[in-house]
$ cat query.pdb   # PDB, C-alpha atoms
ATOM      1  CA  MET A 233      43.023  99.115 153.490
ATOM      2  CA  GLN A 234      44.806 101.711 155.569
ATOM      3  CA  ASP A 235      47.724 103.894 154.491
ATOM      4  CA  LEU A 236      51.007 101.979 154.423
ATOM      5  CA  ARG A 237      54.392 103.372 155.500
ATOM      6  CA  VAL A 238      57.133 101.886 153.306
ATOM      7  CA  SER A 239      60.898 102.270 153.660
ATOM      8  CA  ILE A 240      63.571 101.777 151.011
ATOM      9  CA  VAL A 241      66.966 100.737 152.382
ATOM     10  CA  GLN A 242      69.594 101.226 149.712
ATOM     11  CA  GLY A 243      73.117 100.209 150.697
ATOM     12  CA  GLU A 244      76.570  99.201 149.525
ATOM     13  CA  THR A 245      76.370  95.438 149.963
ATOM     14  CA  ARG A 246      79.594  93.792 151.159
ATOM     15  CA  TRP A 247      80.945  91.170 148.740
ATOM     16  CA  HIS A 248      80.446  87.553 149.871
ATOM     17  CA  ASP A 249      80.152  88.459 153.570
ATOM     18  CA  PRO A 250      76.724  87.530 154.974
ATOM     19  CA  ALA A 251      77.557  88.291 158.613
ATOM     20  CA  ALA A 252      78.929  91.743 157.769
ATOM     21  CA  ASN A 253      75.890  92.488 155.605
ATOM     22  CA  ARG A 254      73.472  91.481 158.338
ATOM     23  CA  ASP A 255      75.261  93.896 160.702
ATOM     24  CA  TYR A 256      75.404  96.611 158.036
ATOM     25  CA  TYR A 257      71.766  96.461 156.976
ATOM     26  CA  GLY A 258      70.652  95.991 160.571
ATOM     27  CA  ALA A 259      72.303  99.301 161.451
ATOM     28  CA  LEU A 260      70.682 101.054 158.469
ATOM     29  CA  MET A 261      67.252  99.741 159.482
ATOM     30  CA  ALA A 262      67.511 100.426 163.219
ATOM     31  CA  PRO A 263      66.277 104.069 163.083
ATOM     32  CA  LEU A 264      63.083 102.851 161.390
ATOM     33  CA  GLN A 265      61.817 101.080 164.514
ATOM     34  CA  GLY A 266      58.178 101.982 165.103
ATOM     35  CA  ALA A 267      58.168 104.377 162.140
ATOM     36  CA  THR A 268      57.387 102.077 159.219
ATOM     37  CA  ASP A 269      55.203  99.144 158.179
ATOM     38  CA  LEU A 270      57.390  97.641 155.451
ATOM     39  CA  VAL A 271      61.158  97.728 154.873
ATOM     40  CA  VAL A 272      62.602  96.706 151.495
ATOM     41  CA  LEU A 273      66.242  95.625 151.084
ATOM     42  CA  PRO A 274      68.100  94.999 147.801
ATOM     43  CA  GLU A 275      68.471  91.730 145.913
ATOM     44  CA  THR A 276      71.056  89.282 147.348
ATOM     45  CA  PHE A 277      71.685  91.652 150.234
ATOM     46  CA  THR A 278      73.921  89.193 152.098
ATOM     47  CA  SER A 279      76.426  88.638 149.274
ATOM     48  CA  GLY A 280      75.944  90.836 146.249
ATOM     49  CA  PHE A 281      74.848  89.401 142.896
ATOM     50  CA  SER A 282      77.289  86.559 142.406
ATOM     51  CA  ASN A 283      77.131  83.115 140.849
ATOM     52  CA  ASP A 284      79.982  82.053 143.141
ATOM     53  CA  ALA A 285      77.960  82.848 146.273
ATOM     54  CA  ILE A 286      76.000  79.657 145.620
ATOM     55  CA  SER A 287      78.635  77.743 147.596
ATOM     56  CA  GLY A 288      77.586  79.585 150.759
ATOM     57  CA  ALA A 289      73.836  79.332 150.203
ATOM     58  CA  GLU A 290      71.879  78.860 153.420
ATOM     59  CA  ASP A 291      68.540  77.133 153.829
ATOM     60  CA  MET A 292      65.321  78.277 155.501
ATOM     61  CA  ARG A 293      66.730  77.244 158.901
ATOM     62  CA  GLY A 294      69.877  79.308 158.439
ATOM     63  CA  PRO A 295      71.115  82.476 160.176
ATOM     64  CA  THR A 296      69.725  84.972 157.652
ATOM     65  CA  VAL A 297      66.136  83.761 157.983
ATOM     66  CA  ASP A 298      66.484  83.846 161.781
ATOM     67  CA  TRP A 299      67.971  87.343 161.546
ATOM     68  CA  LEU A 300      65.094  88.581 159.383
ATOM     69  CA  LYS A 301      62.550  87.245 161.852
ATOM     70  CA  ALA A 302      64.314  88.971 164.734
ATOM     71  CA  GLN A 303      64.695  92.254 162.841
ATOM     72  CA  SER A 304      61.039  92.203 161.817
ATOM     73  CA  ALA A 305      59.936  91.680 165.412
ATOM     74  CA  THR A 306      62.222  94.450 166.667
ATOM     75  CA  LEU A 307      61.111  96.957 164.030
ATOM     76  CA  ASP A 308      57.455  95.832 164.255
ATOM     77  CA  ALA A 309      57.406  95.883 160.460
ATOM     78  CA  ALA A 310      57.587  93.467 157.549
ATOM     79  CA  ILE A 311      60.981  93.139 155.838
ATOM     80  CA  ALA A 312      61.571  92.018 152.238
ATOM     81  CA  GLY A 313      64.819  91.238 150.410
ATOM     82  CA  SER A 314      66.394  88.386 148.454
ATOM     83  CA  VAL A 315      69.207  85.951 149.278
ATOM     84  CA  GLN A 316      70.603  82.712 147.851
ATOM     85  CA  LEU A 317      68.616  79.894 149.492
ATOM     86  CA  ARG A 318      69.088  76.155 149.121
ATOM     87  CA  ASP A 319      65.899  74.101 148.933
ATOM     88  CA  GLY A 320      66.571  70.406 148.411
ATOM     89  CA  GLU A 321      69.047  69.990 145.569
ATOM     90  CA  ALA A 322      68.350  73.427 144.079
ATOM     91  CA  VAL A 323      69.457  76.933 145.012
ATOM     92  CA  PHE A 324      67.081  79.828 144.357
ATOM     93  CA  ASN A 325      67.421  83.594 144.303
ATOM     94  CA  ARG A 326      64.685  83.816 146.918
ATOM     95  CA  LEU A 327      62.872  86.937 148.036
ATOM     96  CA  LEU A 328      61.938  86.561 151.702
ATOM     97  CA  PHE A 329      59.009  88.464 153.229
ATOM     98  CA  ALA A 330      59.229  88.337 157.028
ATOM     99  CA  THR A 331      56.524  89.640 159.364
ATOM    100  CA  PRO A 332      56.668  90.405 163.116
ATOM    101  CA  ASP A 333      54.646  87.305 164.002
ATOM    102  CA  GLY A 334      57.581  85.142 162.911
ATOM    103  CA  ARG A 335      56.183  84.095 159.535
ATOM    104  CA  VAL A 336      58.319  84.162 156.385
ATOM    105  CA  ALA A 337      56.707  83.992 152.940
ATOM    106  CA  HIS A 338      58.895  83.681 149.875
ATOM    107  CA  TYR A 339      59.035  84.142 146.130
ATOM    108  CA  ASP A 340      61.707  82.514 143.938
ATOM    109  CA  LYS A 341      63.023  84.628 141.057
ATOM    110  CA  ARG A 342      61.471  83.312 137.858
ATOM    111  CA  HIS A 343      63.496  85.131 135.192
ATOM    112  CA  LEU A 344      67.151  84.230 135.655
ATOM    113  CA  PHE A 345      69.710  86.584 134.122
ATOM    114  CA  SER A 346      71.274  84.357 131.453
ATOM    115  CA  TYR A 347      73.414  87.294 130.240
ATOM    116  CA  ALA A 348      75.470  86.796 133.432
ATOM    117  CA  GLY A 349      75.068  83.010 133.641
ATOM    118  CA  GLU A 350      72.614  83.037 136.534
ATOM    119  CA  HIS A 351      70.598  80.264 134.883
ATOM    120  CA  GLU A 352      73.629  77.949 134.991
ATOM    121  CA  ARG A 353      73.826  77.943 138.787
ATOM    122  CA  TYR A 354      70.374  78.797 140.116
ATOM    123  CA  ALA A 355      66.955  77.210 139.656
ATOM    124  CA  PRO A 356      64.056  79.299 138.304
ATOM    125  CA  GLY A 357      60.966  79.869 140.392
ATOM    126  CA  ARG A 358      57.635  78.585 139.099
ATOM    127  CA  GLU A 359      55.074  80.236 141.323
ATOM    128  CA  ARG A 360      53.783  83.784 141.225
ATOM    129  CA  VAL A 361      53.097  84.886 144.797
ATOM    130  CA  VAL A 362      50.880  87.575 146.292
ATOM    131  CA  VAL A 363      51.417  88.379 149.983
ATOM    132  CA  ASP A 364      48.806  89.975 152.255
ATOM    133  CA  TRP A 365      50.110  92.574 154.704
ATOM    134  CA  LYS A 366      48.069  95.134 156.643
ATOM    135  CA  GLY A 367      45.207  94.926 154.154
ATOM    136  CA  TRP A 368      47.510  95.382 151.141
ATOM    137  CA  ARG A 369      48.074  92.688 148.517
ATOM    138  CA  ILE A 370      51.754  92.751 147.553
ATOM    139  CA  LEU A 371      53.469  91.163 144.536
ATOM    140  CA  PRO A 372      57.170  90.388 145.208
ATOM    141  CA  GLN A 373      59.533  90.308 142.222
ATOM    142  CA  VAL A 374      63.320  90.185 141.750
ATOM    143  CA  CYS A 375      65.460  92.374 139.464
ATOM    144  CA  TYR A 376      65.322  90.900 135.903
ATOM    145  CA  ASP A 377      61.613  90.111 136.425
ATOM    146  CA  LEU A 378      61.059  93.835 135.836
ATOM    147  CA  ARG A 379      61.703  93.377 132.105
ATOM    148  CA  PHE A 380      58.883  90.835 131.655
ATOM    149  CA  PRO A 381      55.523  92.573 132.120
ATOM    150  CA  VAL A 382      53.321  89.547 131.441
ATOM    151  CA  PHE A 383      54.441  87.795 134.628
ATOM    152  CA  SER A 384      53.642  90.846 136.775
ATOM    153  CA  ARG A 385      50.443  91.801 134.947
ATOM    154  CA  ASN A 386      47.731  92.812 137.402
ATOM    155  CA  ARG A 387      44.246  91.339 137.100
ATOM    156  CA  PHE A 388      40.848  92.712 137.936
ATOM    157  CA  ASP A 389      39.514  90.984 141.037
ATOM    158  CA  ALA A 390      35.972  91.860 142.035
ATOM    159  CA  ALA A 391      36.361  89.858 145.240
ATOM    160  CA  HIS A 392      38.679  92.451 146.773
ATOM    161  CA  ALA A 393      37.880  95.996 147.788
ATOM    162  CA  SER A 394      40.845  97.284 145.828
ATOM    163  CA  GLY A 395      39.390  95.840 142.621
ATOM    164  CA  ALA A 396      42.728  94.287 141.661
ATOM    165  CA  GLU A 397      44.768  91.191 142.345
ATOM    166  CA  TYR A 398      47.496  93.281 143.988
ATOM    167  CA  ASP A 399      48.014  96.842 145.176
ATOM    168  CA  LEU A 400      51.797  97.104 145.429
ATOM    169  CA  ALA A 401      54.616  95.476 143.456
ATOM    170  CA  LEU A 402      58.100  95.131 144.960
ATOM    171  CA  TYR A 403      61.230  94.872 142.813
ATOM    172  CA  VAL A 404      64.477  94.185 144.669
ATOM    173  CA  ALA A 405      67.571  94.449 142.496
ATOM    174  CA  ASN A 406      71.285  94.576 141.803
ATOM    175  CA  TRP A 407      70.837  96.656 138.638
ATOM    176  CA  PRO A 408      74.101  98.089 137.233
ATOM    177  CA  SER A 409      74.377 101.806 136.536
ATOM    178  CA  ALA A 410      75.053 101.123 132.834
ATOM    179  CA  ARG A 411      71.351 100.240 132.551
ATOM    180  CA  ALA A 412      69.987 102.836 134.985
ATOM    181  CA  TYR A 413      67.629 104.466 132.480
ATOM    182  CA  PRO A 414      65.704 101.235 131.752
ATOM    183  CA  TRP A 415      65.473 100.577 135.507
ATOM    184  CA  LYS A 416      63.887 103.952 136.215
ATOM    185  CA  THR A 417      61.636 103.807 133.150
ATOM    186  CA  LEU A 418      60.359 100.267 133.695
ATOM    187  CA  LEU A 419      59.475 100.901 137.333
ATOM    188  CA  ARG A 420      57.172 103.682 136.195
ATOM    189  CA  ALA A 421      55.742 101.593 133.361
ATOM    190  CA  ARG A 422      54.861  98.722 135.711
ATOM    191  CA  ALA A 423      53.043 101.153 138.003
ATOM    192  CA  ILE A 424      51.054 102.834 135.227
ATOM    193  CA  GLU A 425      49.980  99.696 133.388
ATOM    194  CA  ASN A 426      48.979  97.828 136.550
ATOM    195  CA  LEU A 427      47.240 100.703 138.389
ATOM    196  CA  SER A 428      49.480  99.890 141.317
ATOM    197  CA  TYR A 429      52.086 101.384 143.573
ATOM    198  CA  VAL A 430      55.606 100.121 142.819
ATOM    199  CA  ILE A 431      58.722 100.010 144.976
ATOM    200  CA  GLY A 432      62.130  99.380 143.418
ATOM    201  CA  VAL A 433      65.172  98.948 145.692
ATOM    202  CA  ASN A 434      68.648  98.704 144.191
ATOM    203  CA  ARG A 435      72.128  98.698 145.747
ATOM    204  CA  VAL A 436      74.935 101.255 145.392
ATOM    205  CA  GLY A 437      78.718 101.099 145.091
ATOM    206  CA  SER A 438      80.818  98.559 143.204
ATOM    207  CA  ASP A 439      80.838  94.782 143.576
ATOM    208  CA  GLY A 440      83.526  92.098 143.403
ATOM    209  CA  ASN A 441      83.000  91.768 139.653
ATOM    210  CA  GLY A 442      83.816  95.435 139.098
ATOM    211  CA  LEU A 443      80.225  96.432 138.302
ATOM    212  CA  HIS A 444      79.010  99.821 139.514
ATOM    213  CA  TYR A 445      75.514 100.457 140.857
ATOM    214  CA  SER A 446      73.923 103.910 140.962
ATOM    215  CA  GLY A 447      71.023 103.024 143.241
ATOM    216  CA  ASP A 448      68.058 105.019 141.924
ATOM    217  CA  SER A 449      65.693 103.220 144.283
ATOM    218  CA  ALA A 450      62.194 104.672 144.178
ATOM    219  CA  VAL A 451      58.622 104.557 145.405
ATOM    220  CA  VAL A 452      56.278 105.205 142.478
ATOM    221  CA  ASP A 453      52.543 105.832 142.549
ATOM    222  CA  PHE A 454      49.869 104.378 140.242
ATOM    223  CA  LEU A 455      50.291 107.250 137.759
ATOM    224  CA  GLY A 456      54.046 106.748 137.516
ATOM    225  CA  HIS A 457      54.869 109.739 139.712
ATOM    226  CA  PRO A 458      57.794 109.205 142.114
ATOM    227  CA  LEU A 459      56.852 109.700 145.764
ATOM    228  CA  LEU A 460      60.428 109.047 146.813
ATOM    229  CA  GLU A 461      63.658 108.802 144.821
ATOM    230  CA  ALA A 462      67.144 107.912 145.985
ATOM    231  CA  GLY A 463      70.384 108.879 144.282
ATOM    232  CA  ASP A 464      73.646 106.934 144.468
ATOM    233  CA  ALA A 465      74.277 107.012 148.239
ATOM    234  CA  GLU A 466      73.142 104.724 151.036
ATOM    235  CA  VAL A 467      69.707 105.742 152.318
ATOM    236  CA  ALA A 468      66.914 104.532 154.560
ATOM    237  CA  HIS A 469      63.940 106.698 153.604
ATOM    238  CA  THR A 470      60.211 106.313 154.183
ATOM    239  CA  ALA A 471      57.119 107.271 152.187
ATOM    240  CA  THR A 472      53.430 106.711 152.855
ATOM    241  CA  LEU A 473      51.223 104.952 150.321
ATOM    242  CA  GLN A 474      47.753 106.455 150.316
ATOM    243  CA  ALA A 475      45.117 103.714 150.177
ATOM    244  CA  GLY A 476      42.260 106.115 149.525
ATOM    245  CA  GLU A 477      43.991 107.695 146.544
ATOM    246  CA  LEU A 478      44.701 104.290 145.008
ATOM    247  CA  LEU A 479      41.109 103.128 145.388
ATOM    248  CA  ALA A 480      39.761 106.412 144.041
ATOM    249  CA  HIS A 481      42.004 106.238 140.975
ATOM    250  CA  ARG A 482      40.904 102.693 140.212
ATOM    251  CA  ALA A 483      37.262 103.733 140.569
ATOM    252  CA  ARG A 484      37.733 106.676 138.198
ATOM    253  CA  PHE A 485      39.817 104.733 135.698
ATOM    254  CA  PRO A 486      38.950 101.003 135.918
ATOM    255  CA  ALA A 487      41.216  99.920 133.054
ATOM    256  CA  LEU A 488      41.903  96.501 134.564
ATOM    257  CA  ARG A 489      38.325  95.487 133.718
ATOM    258  CA  ASP A 490      39.174  95.750 130.019
ATOM    259  CA  ALA A 491      42.448  93.814 130.186
ATOM    260  CA  ASP A 492      43.031  90.656 128.128
ATOM    261  CA  GLY A 493      42.626  87.347 129.879
ATOM    262  CA  PHE A 494      45.563  84.930 129.699
ATOM    263  CA  SER A 495      47.295  82.103 131.498
ATOM    264  CA  LEU A 496      51.001  81.731 132.258
ATOM    265  CA  ALA A 497      52.641  78.675 130.748
ATOM    266  CA  GLY A 498      54.798  76.757 133.206
ATOM    267  CA  ALA A 499      53.922  78.947 136.189
ATOM    268  CA  ALA A 500      51.592  78.454 139.124
ATOM    269  CA  VAL A 501      49.637  81.496 140.266
ATOM    270  CA  SER A 502      48.654  81.535 143.931
TER
END

$ encode --input "query.pdb" --output "structure tokens"
Amino acid sequence: MQDLRVSIVQGETRWHDPAANRDYYGALMAPLQGATDLVVLPETFTSGFSNDAISGAEDMRGPTVDWLKAQSATLDAAIAGSVQLRDGEAVFNRLLFATPDGRVAHYDKRHLFSYAGEHERYAPGRERVVVDWKGWRILPQVCYDLRFPVFSRNRFDAAHASGAEYDLALYVANWPSARAYPWKTLLRARAIENLSYVIGVNRVGSDGNGLHYSGDSAVVDFLGHPLLEAGDAEVAHTATLQAGELLAHRARFPALRDADGFSLAGAAVS
């Protein structure tokens, strides 16, 4: 593992306007060219969090996937963010992880937000995914997943130098400002309990449903300390994750070795 430069891109997503959002987020990311290894965008960054956006869902051959591939190649960095994607008869809230070589991995949001009726329109994901990038093992997650620690629970893995199943968890979100305190608190909890770096990227502004978002995107270290925090304005900021410090902390405090073993009902773990 080498140190990893990570960038949070927190913006005011345009409502139900994929083309405008691709232009908007492309402009926010452009200054990061050559200066980062991983860029993280918010949840549903082409539409905002909307059950009605399902009617415009693309598939994996659509313009947003092509755009992500092109942006990743231009920036020479991986890019992660979620969009509504149709796969067969189902539509998923799908986090895409694009790399400069043209590959796109994905994770489908498992915990659908029934409070807002997300489960009535979208299909739940079944597979927990860990992505390898520049020697780091990365767990992608989407918004409401943050409230369910069992699904993101790290595991001790003697086969990897890091001593854990993953080293960094990503949470992309449209998390309203009315629940900002849980968002900030749970990001830190996930980092502490899993001996892992955590990145949480939220949006700002107000959406077409009248919900306000205060941002509060953050990069958090394995002790729960924020390395980078954003307020309620659009930002594209970068922090460096220190591989040596993570490995040293896990060596000093190998709590994952004492964790309870368990299996996840109804979920495949890759």

$ closest_residue --input "query.pdb" --among "A:Pro250, A:Ala421, A:Pro414, A:Asp269" --to "Ala471 in chain A" --atoms "only C-alpha atoms"
A:Asp269

$ atom_distance --input "query.pdb" --atom1 "CA of Asp453 in chain A" --atom2 "CA of Ala309 in chain A"
21.1 Å

$ closest_residue --input "query.pdb" --among "A:Pro356, A:Gly456, A:Gly476, A:Gly243" --to "Phe277 in chain A" --atoms "all atoms listed in the file"
A:Gly243

$ closest_residue --input "query.pdb" --among "A:Phe324, A:Trp415, A:Tyr398, A:Phe329" --to "Ala310 in chain A" --atoms "all atoms listed in the file"
A:Phe329

$ atom_distance --input "query.pdb" --atom1 "CA of Ile311 in chain A" --atom2 "CA of Pro458 in chain A"
21.4 Å

$ closest_residue --input "query.pdb" --among "A:Leu402, A:Ile286, A:Gly367, A:Thr306" --to "Tyr339 in chain A" --atoms "only C-alpha atoms"
A:Leu402

$ residues_around --input "query.pdb" --residues "Val271 in chain A" --least-positions-apart "6" --cutoff "9 Å" --atoms "all atoms listed in the file" --output "NGL selection string"
:A and (237-241 or 261 or 264 or 304 or 309-313 or 468 or 470)

$ residues_around --input "query.pdb" --residues "Leu418 in chain A" --least-positions-apart "2" --cutoff "10 Å" --atoms "all atoms listed in the file" --output "PyMOL selection string"
chain A and resi 378-381+413-416+420-424+432+456

$ atom_distance --input "query.pdb" --atom1 "CA of Asn386 in chain A" --atom2 "CA of Phe494 in chain A"
11.2 Å

$ resolve_selection --input "query.pdb" --expression "the PyMOL selection byres ((chain A and resi 394) around 12)" --output "PyMOL selection string"
chain A and resi 233-234+367-370+386-393+395-400+427-428+475-483+486+488

$ residues_near_point --input "query.pdb" --point "(66.4, 82.0, 151.3)" --cutoff "12 Å" --atoms "only C-alpha atoms" --output "PyMOL selection string"
chain A and resi 275-278+286+288-300+312-320+322-330+336-341

$ closest_residue --input "query.pdb" --among "A:Tyr445, A:Tyr403, A:Tyr347, A:Phe454" --to "Tyr429 in chain A" --atoms "only C-alpha atoms"
A:Phe454

$ resolve_selection --input "query.pdb" --expression "the PyMOL selection byres ((chain A and resi 259) around 12)" --output "ChimeraX atom specification"
/A:241,243,252-258,260-265,303,307,466-468

$ write_last_selection --input "query.pdb" --atoms "C-alpha atoms" --output "PDB file, in the coordinates of the input"
ATOM      1  CA  VAL A 241      66.966 100.737 152.382  1.00  0.00           C
ATOM      2  CA  GLY A 243      73.117 100.209 150.697  1.00  0.00           C
ATOM      3  CA  ALA A 252      78.929  91.743 157.769  1.00  0.00           C
ATOM      4  CA  ASN A 253      75.890  92.488 155.605  1.00  0.00           C
ATOM      5  CA  ARG A 254      73.472  91.481 158.338  1.00  0.00           C
ATOM      6  CA  ASP A 255      75.261  93.896 160.702  1.00  0.00           C
ATOM      7  CA  TYR A 256      75.404  96.611 158.036  1.00  0.00           C
ATOM      8  CA  TYR A 257      71.766  96.461 156.976  1.00  0.00           C
ATOM      9  CA  GLY A 258      70.652  95.991 160.571  1.00  0.00           C
ATOM     10  CA  LEU A 260      70.682 101.054 158.469  1.00  0.00           C
ATOM     11  CA  MET A 261      67.252  99.741 159.482  1.00  0.00           C
ATOM     12  CA  ALA A 262      67.511 100.426 163.219  1.00  0.00           C
ATOM     13  CA  PRO A 263      66.277 104.069 163.083  1.00  0.00           C
ATOM     14  CA  LEU A 264      63.083 102.851 161.390  1.00  0.00           C
ATOM     15  CA  GLN A 265      61.817 101.080 164.514  1.00  0.00           C
ATOM     16  CA  GLN A 303      64.695  92.254 162.841  1.00  0.00           C
ATOM     17  CA  LEU A 307      61.111  96.957 164.030  1.00  0.00           C
ATOM     18  CA  GLU A 466      73.142 104.724 151.036  1.00  0.00           C
ATOM     19  CA  VAL A 467      69.707 105.742 152.318  1.00  0.00           C
ATOM     20  CA  ALA A 468      66.914 104.532 154.560  1.00  0.00           C
TER      21      ALA A 468
END

$ axis_aligned_box --input "query.pdb" --around "range 417-435 of chain A" --padding-each-side "5 Å" --output "lines of an AutoDock Vina configuration file"
center_x = 59.7
center_y = 100.8
center_z = 139.4
size_x = 34.9
size_y = 16.0
size_z = 22.6

$ closest_residue --input "query.pdb" --among "A:Gly334, A:Leu473, A:Asp249, A:Pro274" --to "Asn406 in chain A" --atoms "all atoms listed in the file"
A:Pro274

$ resolve_selection --input "query.pdb" --expression "the PyMOL selection byres ((chain A and resi 359) around 12)" --output "list in words"
Arg326, His338, Tyr339, Asp340, Lys341, Arg342, His343, Pro356, Gly357, Arg358, Arg360, Val361, Val362, Leu371, Pro372, Gln373, Phe383, Ser384, Leu496, Ala497, Gly498, Ala499, Ala500, Val501 and Ser502 of chain A
